[in-house]
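Q: Have a look at the structure that comes next, please.
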Amino acid sequence: MRAIGWDHPRCAEPMLAASAAWHELTGVTVAWEFRPLAAFNDQPLHELAPDYDLLVIDHPAIAEAVEHGALRPLEELLPAERVLRLTQEAVGPSGASYRWDGATWALAVDAACHVSARRPRLLEQLGEEEPSTWPQVLDLARRHPGLVALPLLPADALCALLSIAATHGRAPTLADPAPQAAIELLAELTPLLHPASWSCAPPRLLARMAGGEPIAYVPLTFGYSGLAGDHLRYGDVPAGPGGLRMPILGGAGLAVSATSRDAGLAAGFAAWLCDEPVQRELVLGHGGQPAHAAVWGDPARPGPAAGFLRDTRGSMVAAFARPAHPAWPAFHHDAGVALAGALAAGEPPAAVARRLRTLAQP
C-alpha cells in the first residue's frame with residue numbers, strides 16, 4: 001500500500017515504525033512518502049488521493065475532499081462500532097473533527113491544538129512571569145520588544161486570529177470569521193514581535209527557541225512534544241475577556257483514498273494504528289503525538305513528552321474544530337494571505353475585518 005504524510009519527525013518516525021511492525025504482523029508493506037507542511041496545510045486532497053491508499057490529513061480538508069469523491073467513509077470498510085469507539089476514544093474533539101455528512105472519513109492518529117510556549121529560565125532572568133491573559137501578553141511584549149514571538153506565515157496568522165476570536169466568546173464561522181477586536185489585538189501585538197515570527201512555521205520557530213534564540217514566550221503555537229523539556233515548556237493559551245480559553249484544534253487523521261484497491265486493508269491499518277496500545281508504544285514511543293485520550297491521561301512514559309501531554313491536556317479538551325464546509329480550505333488560504341499581508345503593512349483593523357468578511361462570502 002502507498003501512503004503519504006507530512007515531512008516532520010512527529011509524523012514520519014511513528015509512521016515508519018508502525019509500517020515495520022505492521023509488516024511483521026501481516027506481511028503487508030505500507031510504503032510512505034512525506035510532503036512539506038505547507039502542502040499538508042494547503043494542497044487539496046482530491047489531487048493526492050488517486051495516487052495513494054492512505055493519506056494523513058488535516059480535518060478542515062474533509063468536506064471539500066468528500067465533495068470531490070476523494071475519500072472512502074470508514075463505516076463502509078470497518079465495523080461501525082469500531083469506528084465509533086475509536087472516534088470517541090480520541091482526545092478532546094479530535095475524533096469528531098473527522099466526521100462530516102453523517103460519516104467518518106478519517107481516524108485521529110495525531111493530536112494537537114494551539115498552546116503557549118515559554119523558556120522558563122529566560123523569563124526568570126527577565127524577572128517576568130508567564131502571561132495568562134492577552135493584556136499581559138501585550139504588556140510583556142511592550143516591556144521586551146522582540147522577546148515575544150508568534151508564527152505569522154499565512155496559514156498560521158489565520159489560525160492565530162481564529163484562536164483569539166474564540167476567546168472573545170464565539171467560535172469562527174464562514175459567516176463571521178473574526179470579530180474586529182481580535183484583529184485589533186493582533187495588529188497591536190505584531191510590531192513588537194521577534195522578526196522570526198514572519199518567516200517560521202511553528203516547528204521551526206520552536207526549534208529556534210529551544211536552541212537558544214532570544215525568544216521568551218509564544219502565546220499561540222501548535223505544540224511539538226519532541227521539542228519539550230526543561231528549556232522549553234508548554235502551557236495554556238492566554239485567556240480572553242471573562243477568562244475564556246478555546247484554542248484551535250490541529251492534529252492529523254488517517255484517511256483511506258476512494259481509489260484504493262485495498263481499501264479494507266488500508267482501513268484495518270488505520271484502525272490498528274489508532275488503538276491505545278499502538279498509540280502508546282509506537283506513536284508516543286517514536287516521537288509522535290498520539291491522539292488517544294488514554295495516552296494523554298496517562299502516558300506511562302516518564303520524560304519530556306509526558307510533561308508535554310500533562311501540561312497541554314486541558315487545552316486539548318477545550319479546543320474547537322474549524323468549520324466543516326467545502327469552501328473552508330480556500331477561504332483559509334486566501335484569508336491567511338490577506339491577513340498576514342495586512343498585518344505586515346499595518347493596515348487598519350476595520351479594513352482587514354471587511355476584507356475577511358468579503359473573502360468568506362460564497
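The chains in the C-alpha cells are called A, B, ... from first to last as shown; in each chain the residues are counted from 1, and the ligands are counted from 1 in the order shown.
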I want to know what sits within 12 Å of stretch 78-82 of chain A, based on only C-alpha atoms, with residues of the same chain fewer than 5 positions away left out; could you give that as a list in words?
A: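 Close residues of stretch 78-82 of chain A: Arg72, Pro73, Thr87, Gln88, Glu89, Ala103, Thr104, Trp105, Ala106, Leu107, Val256, Ala263, Gly264, Leu265, Ala266, Ala267, Gly268, Phe269, Ala270, Ala271, Trp272, Cys274 and Asp275 of chain A.
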Q: Would you mind listing what lies within 7 Å of A:Ala360 as a PyMOL selection string, with only C-alpha atoms counted and same-chain residues fewer than 6 positions away left out?
A: chain A and resi 174-175+331
Q: State, in Å with one decimal place, the distance from atom CA of A:Glu76 to atom CA of A:Tyr98.
A: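 So the answer is 15.1 Å.
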Q: Within 6 Å of stretch 114-128 of chain A, counting only C-alpha atoms, which residues show up once you throw out same-chain ones fewer than 3 positions away? Write them as a PyMOL selection string, please.
A: chain A and resi 216-222+231-237+247-248
Q: Mind dumping the selected residues with N, CA and C atoms as a tab-separated table (two decimals), in the first residue's frame?
A:
chain	number	residue	atom	x	y	z
A	216	ALA	N	11.39	34.55	24.53
A	216	ALA	CA	10.99	34.13	25.86
A	216	ALA	C	9.62	33.48	25.89
A	217	TYR	N	8.75	33.88	24.94
A	217	TYR	CA	7.35	33.46	25.05
A	217	TYR	C	6.67	33.50	23.70
A	218	VAL	N	5.84	32.49	23.44
A	218	VAL	CA	4.99	32.43	22.25
A	218	VAL	C	3.57	32.17	22.75
A	219	PRO	N	2.64	33.10	22.53
A	219	PRO	CA	1.30	32.92	23.11
A	219	PRO	C	0.44	31.89	22.40
A	220	LEU	N	0.69	31.66	21.09
A	220	LEU	CA	-0.11	30.72	20.32
A	220	LEU	C	0.80	29.97	19.36
A	221	THR	N	0.82	28.66	19.47
A	221	THR	CA	1.54	27.82	18.53
A	221	THR	C	1.00	26.41	18.65
A	222	PHE	N	1.04	25.66	17.57
A	222	PHE	CA	0.77	24.23	17.69
A	222	PHE	C	1.97	23.60	18.38
A	231	HIS	N	14.13	23.29	29.07
A	231	HIS	CA	14.48	24.51	28.35
A	231	HIS	C	13.29	25.12	27.63
A	232	LEU	N	12.27	24.31	27.35
A	232	LEU	CA	11.10	24.78	26.62
A	232	LEU	C	9.87	24.09	27.18
A	233	ARG	N	8.98	24.86	27.74
A	233	ARG	CA	7.77	24.32	28.35
A	233	ARG	C	6.54	24.87	27.64
A	234	TYR	N	5.45	24.12	27.75
A	234	TYR	CA	4.20	24.50	27.11
A	234	TYR	C	3.12	24.68	28.17
A	235	GLY	N	2.11	25.48	27.82
A	235	GLY	CA	1.00	25.69	28.74
A	235	GLY	C	-0.24	26.13	27.99
A	236	ASP	N	-1.23	26.60	28.73
A	236	ASP	CA	-2.48	27.06	28.12
A	236	ASP	C	-2.26	28.34	27.34
A	237	VAL	N	-3.15	28.60	26.40
A	237	VAL	CA	-3.12	29.86	25.66
A	237	VAL	C	-3.62	30.98	26.58
A	247	PRO	N	-8.77	27.13	22.32
A	247	PRO	CA	-7.77	27.12	21.25
A	247	PRO	C	-8.23	26.32	20.03
A	248	ILE	N	-7.66	26.67	18.90
A	248	ILE	CA	-7.99	26.00	17.66
A	248	ILE	C	-7.39	24.59	17.65
Q: If we count only C-alpha atoms, what is near A:Gly288 at a cut-off of 8 Å, once residues fewer than 6 positions away on the same chain are taken out, given as an NGL selection string?
A: :A and (9-11 or 13-14 or 110 or 225-226)
Q: Which residue out of A:Gln43, A:Leu84, A:Ala252, A:Arg142 has the minimum interatomic distance to A:Ile57 when only C-alpha atoms are used?
A: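 For A:Ile57, the nearest of the given residues is A:Ala252.
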Q: Applying 7 Å and only C-alpha atoms, which residues near stretch 159-172 of chain A remain after dropping the ones on its own chain fewer than 3 positions away? List them as a ChimeraX atom specification.
A: /A:155-156,176-179,182-183,220,239-241,244-248
Q: Excluding A:Pro60 and residues on its chain fewer than 4 positions from it, collect all residues at most 9 Å away from it, counting only C-alpha atoms, and give them as a list in words.
A: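 Result of the neighbour search: Glu64, Ser97, Tyr98, Ala321, Arg322, Pro323, Ala324, His325, Pro326, Trp328 and Pro329 of chain A.
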Q: Print the selection's residues with C-alpha atoms to a file, as a CSV table (one decimal), in the first residue's frame.
A:
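Below is the file out39.csv, written as the result:
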chain,number,residue,atom,x,y,z
A,64,GLU,CA,-14.0,19.6,0.2
A,97,SER,CA,-13.5,16.5,13.7
A,98,TYR,CA,-13.1,13.8,11.0
A,321,ALA,CA,-12.5,22.5,15.4
A,322,ARG,CA,-12.6,24.8,12.4
A,323,PRO,CA,-15.8,24.9,10.4
A,324,ALA,CA,-16.6,21.8,8.3
A,325,HIS,CA,-17.5,23.3,4.9
A,326,PRO,CA,-16.3,22.6,1.3
A,328,TRP,CA,-13.3,26.5,4.1
A,329,PRO,CA,-9.9,25.4,2.7
Q: Compare A:Leu186, A:Leu55, A:Ala201, A:Val109 by their minimum atom-to-atom distance to A:Leu343, counting only C-alpha atoms, and give me the closest one.
A: A:Leu186
Q: From a DSSP calculation on the backbone, collect every residue of stretch 65-216 of chain A in strand (DSSP E) and output the set as a list of chain:residue names.
A: A:Arg99, A:Trp100, A:Ala103, A:Thr104, A:Leu107, A:Ala108, A:Val109, A:Asp110, A:His114, A:Val115, A:Ser116, A:Ala117, A:Arg118
